[in-house]
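Shown next, in structure tokens, is the structure this report addresses.
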Amino acid sequence: MREATFTFRVDEALKSEFTTAAKASDRTGAQLLRDFMREFIRKEQEAMEYDAWYRQKIEAGRAAVAEGRTIAAEDVEAEAAEWRKSVLSRVSNSGS
């Protein structure tokens, strides 16, 4: 992999404290900055992937509504009530 130089300005006190903290971790500032960059990229990629997944789910829901594939709120509530009743029954029976 080709390497490139990344140059930026930072307050002298911040640089000094960062260098001291890096040495205390037995790392160089450059090693830590590379790690921070990799972690930032990883988090951004995860956020973009989640956003794409979430948007796909929204579009699928919109398509379902447009096609009439919906469930009435009352039916959902009734099913949830049955599920809660079942769970509470199992919990109370397991404690006996």
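By convention in this document, the chains of the structure tokens carry letters A, B, ... by their order, each chain's residues are numbered from 1, and ligands are numbered from 1 in the order they are shown.
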
Within 12 Å of segment 4-17 of chain A, counting only C-alpha atoms, which residues qualify if same-chain residues fewer than 3 places away don't, as a VMD selection string? chain A and resid 1 20 to 24 28 to 30 33 to 34 37

Mind writing the picked residues with N, CA and C atoms as a PDB file, in the first residue's frame?
```
ATOM      1  N   MET A   1       0.836  -1.162   0.000  1.00  0.00           N
ATOM      2  CA  MET A   1       0.000   0.000   0.000  1.00  0.00           C
ATOM      3  C   MET A   1       0.896   1.245   0.000  1.00  0.00           C
ATOM      4  N   THR A  20       2.437  13.037  24.771  1.00  0.00           N
ATOM      5  CA  THR A  20       2.679  12.462  26.094  1.00  0.00           C
ATOM      6  C   THR A  20       1.737  11.292  26.354  1.00  0.00           C
ATOM      7  N   ALA A  21       0.461  11.468  26.036  1.00  0.00           N
ATOM      8  CA  ALA A  21      -0.517  10.400  26.234  1.00  0.00           C
ATOM      9  C   ALA A  21      -0.202   9.201  25.343  1.00  0.00           C
ATOM     10  N   ALA A  22       0.229   9.457  24.112  1.00  0.00           N
ATOM     11  CA  ALA A  22       0.587   8.369  23.196  1.00  0.00           C
ATOM     12  C   ALA A  22       1.764   7.578  23.747  1.00  0.00           C
ATOM     13  N   LYS A  23       2.770   8.281  24.227  1.00  0.00           N
ATOM     14  CA  LYS A  23       3.942   7.597  24.798  1.00  0.00           C
ATOM     15  C   LYS A  23       3.549   6.769  26.010  1.00  0.00           C
ATOM     16  N   ALA A  24       2.631   7.281  26.820  1.00  0.00           N
ATOM     17  CA  ALA A  24       2.173   6.544  28.000  1.00  0.00           C
ATOM     18  C   ALA A  24       1.462   5.255  27.591  1.00  0.00           C
ATOM     19  N   THR A  28       2.978   5.648  19.163  1.00  0.00           N
ATOM     20  CA  THR A  28       3.335   6.958  18.624  1.00  0.00           C
ATOM     21  C   THR A  28       2.048   7.702  18.290  1.00  0.00           C
ATOM     22  N   GLY A  29       2.170   8.998  18.181  1.00  0.00           N
ATOM     23  CA  GLY A  29       1.018   9.796  17.780  1.00  0.00           C
ATOM     24  C   GLY A  29       0.507   9.355  16.424  1.00  0.00           C
ATOM     25  N   ALA A  30       1.418   9.057  15.516  1.00  0.00           N
ATOM     26  CA  ALA A  30       1.025   8.634  14.166  1.00  0.00           C
ATOM     27  C   ALA A  30       0.239   7.328  14.214  1.00  0.00           C
ATOM     28  N   LEU A  33      -3.231   8.170  15.520  1.00  0.00           N
ATOM     29  CA  LEU A  33      -4.020   8.891  14.523  1.00  0.00           C
ATOM     30  C   LEU A  33      -4.500   7.952  13.413  1.00  0.00           C
ATOM     31  N   ARG A  34      -3.652   7.026  12.981  1.00  0.00           N
ATOM     32  CA  ARG A  34      -4.090   6.046  11.978  1.00  0.00           C
ATOM     33  C   ARG A  34      -5.241   5.198  12.537  1.00  0.00           C
ATOM     34  N   MET A  37      -8.371   7.251  12.585  1.00  0.00           N
ATOM     35  CA  MET A  37      -8.898   7.409  11.231  1.00  0.00           C
ATOM     36  C   MET A  37      -9.626   6.140  10.789  1.00  0.00           C
TER      37      MET A  37
END
```

Closest atom pairs, residues of segment 49-87 of chain A within 10 Å of segment 38-45 of chain A, only C-alpha atoms, as a Markdown table:
```
| residue | atom | partner | partner_atom | distance |
| --- | --- | --- | --- | --- |
| A:Glu49 | CA | A:Gln45 | CA | 6.1 |
| A:Tyr50 | CA | A:Gln45 | CA | 8.5 |
| A:Asp51 | CA | A:Gln45 | CA | 9.7 |
```

Write down as a VMD selection string the residues of chain A whose backbone DSSP state falls under helix (DSSP H, G or I). chain A and resid 12 to 24 29 to 66 73 to 94

Export of prior selection with C-alpha atoms as an mmCIF file, in the first residue's frame:
```cif
data_model
loop_
_atom_site.group_PDB
_atom_site.id
_atom_site.type_symbol
_atom_site.label_atom_id
_atom_site.label_comp_id
_atom_site.auth_asym_id
_atom_site.auth_seq_id
_atom_site.Cartn_x
_atom_site.Cartn_y
_atom_site.Cartn_z
ATOM 1 C CA GLU A 12 1.062 23.246 20.469
ATOM 2 C CA ALA A 13 -0.380 22.359 23.892
ATOM 3 C CA LEU A 14 -2.726 19.804 22.332
ATOM 4 C CA LYS A 15 0.138 18.276 20.362
ATOM 5 C CA SER A 16 2.297 18.063 23.467
ATOM 6 C CA GLU A 17 -0.439 16.465 25.585
ATOM 7 C CA PHE A 18 -1.315 14.049 22.776
ATOM 8 C CA THR A 19 2.325 13.020 22.343
ATOM 9 C CA THR A 20 2.679 12.462 26.094
ATOM 10 C CA ALA A 21 -0.517 10.400 26.234
ATOM 11 C CA ALA A 22 0.587 8.369 23.196
ATOM 12 C CA LYS A 23 3.942 7.597 24.798
ATOM 13 C CA ALA A 24 2.173 6.544 28.000
ATOM 14 C CA GLY A 29 1.018 9.796 17.780
ATOM 15 C CA ALA A 30 1.025 8.634 14.166
ATOM 16 C CA GLN A 31 -0.058 5.115 15.182
ATOM 17 C CA LEU A 32 -2.923 6.493 17.247
ATOM 18 C CA LEU A 33 -4.020 8.891 14.523
ATOM 19 C CA ARG A 34 -4.090 6.046 11.978
ATOM 20 C CA ASP A 35 -6.177 3.990 14.426
ATOM 21 C CA PHE A 36 -8.538 6.927 14.976
ATOM 22 C CA MET A 37 -8.898 7.409 11.231
ATOM 23 C CA ARG A 38 -9.651 3.721 10.669
ATOM 24 C CA GLU A 39 -12.220 3.717 13.474
ATOM 25 C CA PHE A 40 -13.870 6.863 12.122
ATOM 26 C CA ILE A 41 -14.114 5.322 8.647
ATOM 27 C CA ARG A 42 -15.538 2.089 10.104
ATOM 28 C CA LYS A 43 -18.201 3.984 12.062
ATOM 29 C CA GLU A 44 -19.137 6.114 9.061
ATOM 30 C CA GLN A 45 -19.460 3.030 6.858
ATOM 31 C CA GLU A 46 -21.653 1.332 9.456
ATOM 32 C CA ALA A 47 -23.824 4.454 9.679
ATOM 33 C CA MET A 48 -24.181 4.605 5.897
ATOM 34 C CA GLU A 49 -25.037 0.900 5.711
ATOM 35 C CA TYR A 50 -27.624 1.272 8.457
ATOM 36 C CA ASP A 51 -29.080 4.338 6.749
ATOM 37 C CA ALA A 52 -29.375 2.428 3.462
ATOM 38 C CA TRP A 53 -30.992 -0.537 5.267
ATOM 39 C CA TYR A 54 -33.397 1.775 7.087
ATOM 40 C CA ARG A 55 -34.364 3.603 3.891
ATOM 41 C CA GLN A 56 -35.001 0.251 2.188
ATOM 42 C CA LYS A 57 -37.285 -0.776 5.049
ATOM 43 C CA ILE A 58 -39.197 2.512 4.769
ATOM 44 C CA GLU A 59 -39.626 2.061 1.027
ATOM 45 C CA ALA A 60 -40.784 -1.527 1.530
ATOM 46 C CA GLY A 61 -43.343 -0.306 4.044
ATOM 47 C CA ARG A 62 -44.558 2.388 1.688
ATOM 48 C CA ALA A 63 -44.876 -0.167 -1.099
ATOM 49 C CA ALA A 64 -46.841 -2.486 1.189
ATOM 50 C CA VAL A 65 -49.259 0.325 2.045
ATOM 51 C CA ALA A 66 -49.626 1.268 -1.609
ATOM 52 C CA ALA A 73 -54.204 -1.548 14.421
ATOM 53 C CA GLU A 74 -56.893 -3.404 16.346
ATOM 54 C CA ASP A 75 -55.620 -6.730 14.998
ATOM 55 C CA VAL A 76 -52.046 -5.871 15.970
ATOM 56 C CA GLU A 77 -53.164 -4.863 19.466
ATOM 57 C CA ALA A 78 -55.170 -8.065 19.881
ATOM 58 C CA GLU A 79 -52.218 -10.206 18.804
ATOM 59 C CA ALA A 80 -49.888 -8.294 21.138
ATOM 60 C CA ALA A 81 -52.320 -8.743 24.026
ATOM 61 C CA GLU A 82 -52.368 -12.504 23.411
ATOM 62 C CA TRP A 83 -48.580 -12.590 23.252
ATOM 63 C CA ARG A 84 -48.269 -10.633 26.524
ATOM 64 C CA LYS A 85 -50.777 -12.959 28.182
ATOM 65 C CA SER A 86 -48.792 -15.994 27.001
ATOM 66 C CA VAL A 87 -45.478 -14.583 28.220
ATOM 67 C CA LEU A 88 -46.869 -13.585 31.611
ATOM 68 C CA SER A 89 -48.396 -17.047 31.966
ATOM 69 C CA ARG A 90 -45.064 -18.742 31.244
ATOM 70 C CA VAL A 91 -43.215 -16.422 33.632
ATOM 71 C CA SER A 92 -45.656 -17.027 36.461
ATOM 72 C CA ASN A 93 -45.602 -20.801 35.833
ATOM 73 C CA SER A 94 -41.815 -20.985 35.770
#
```
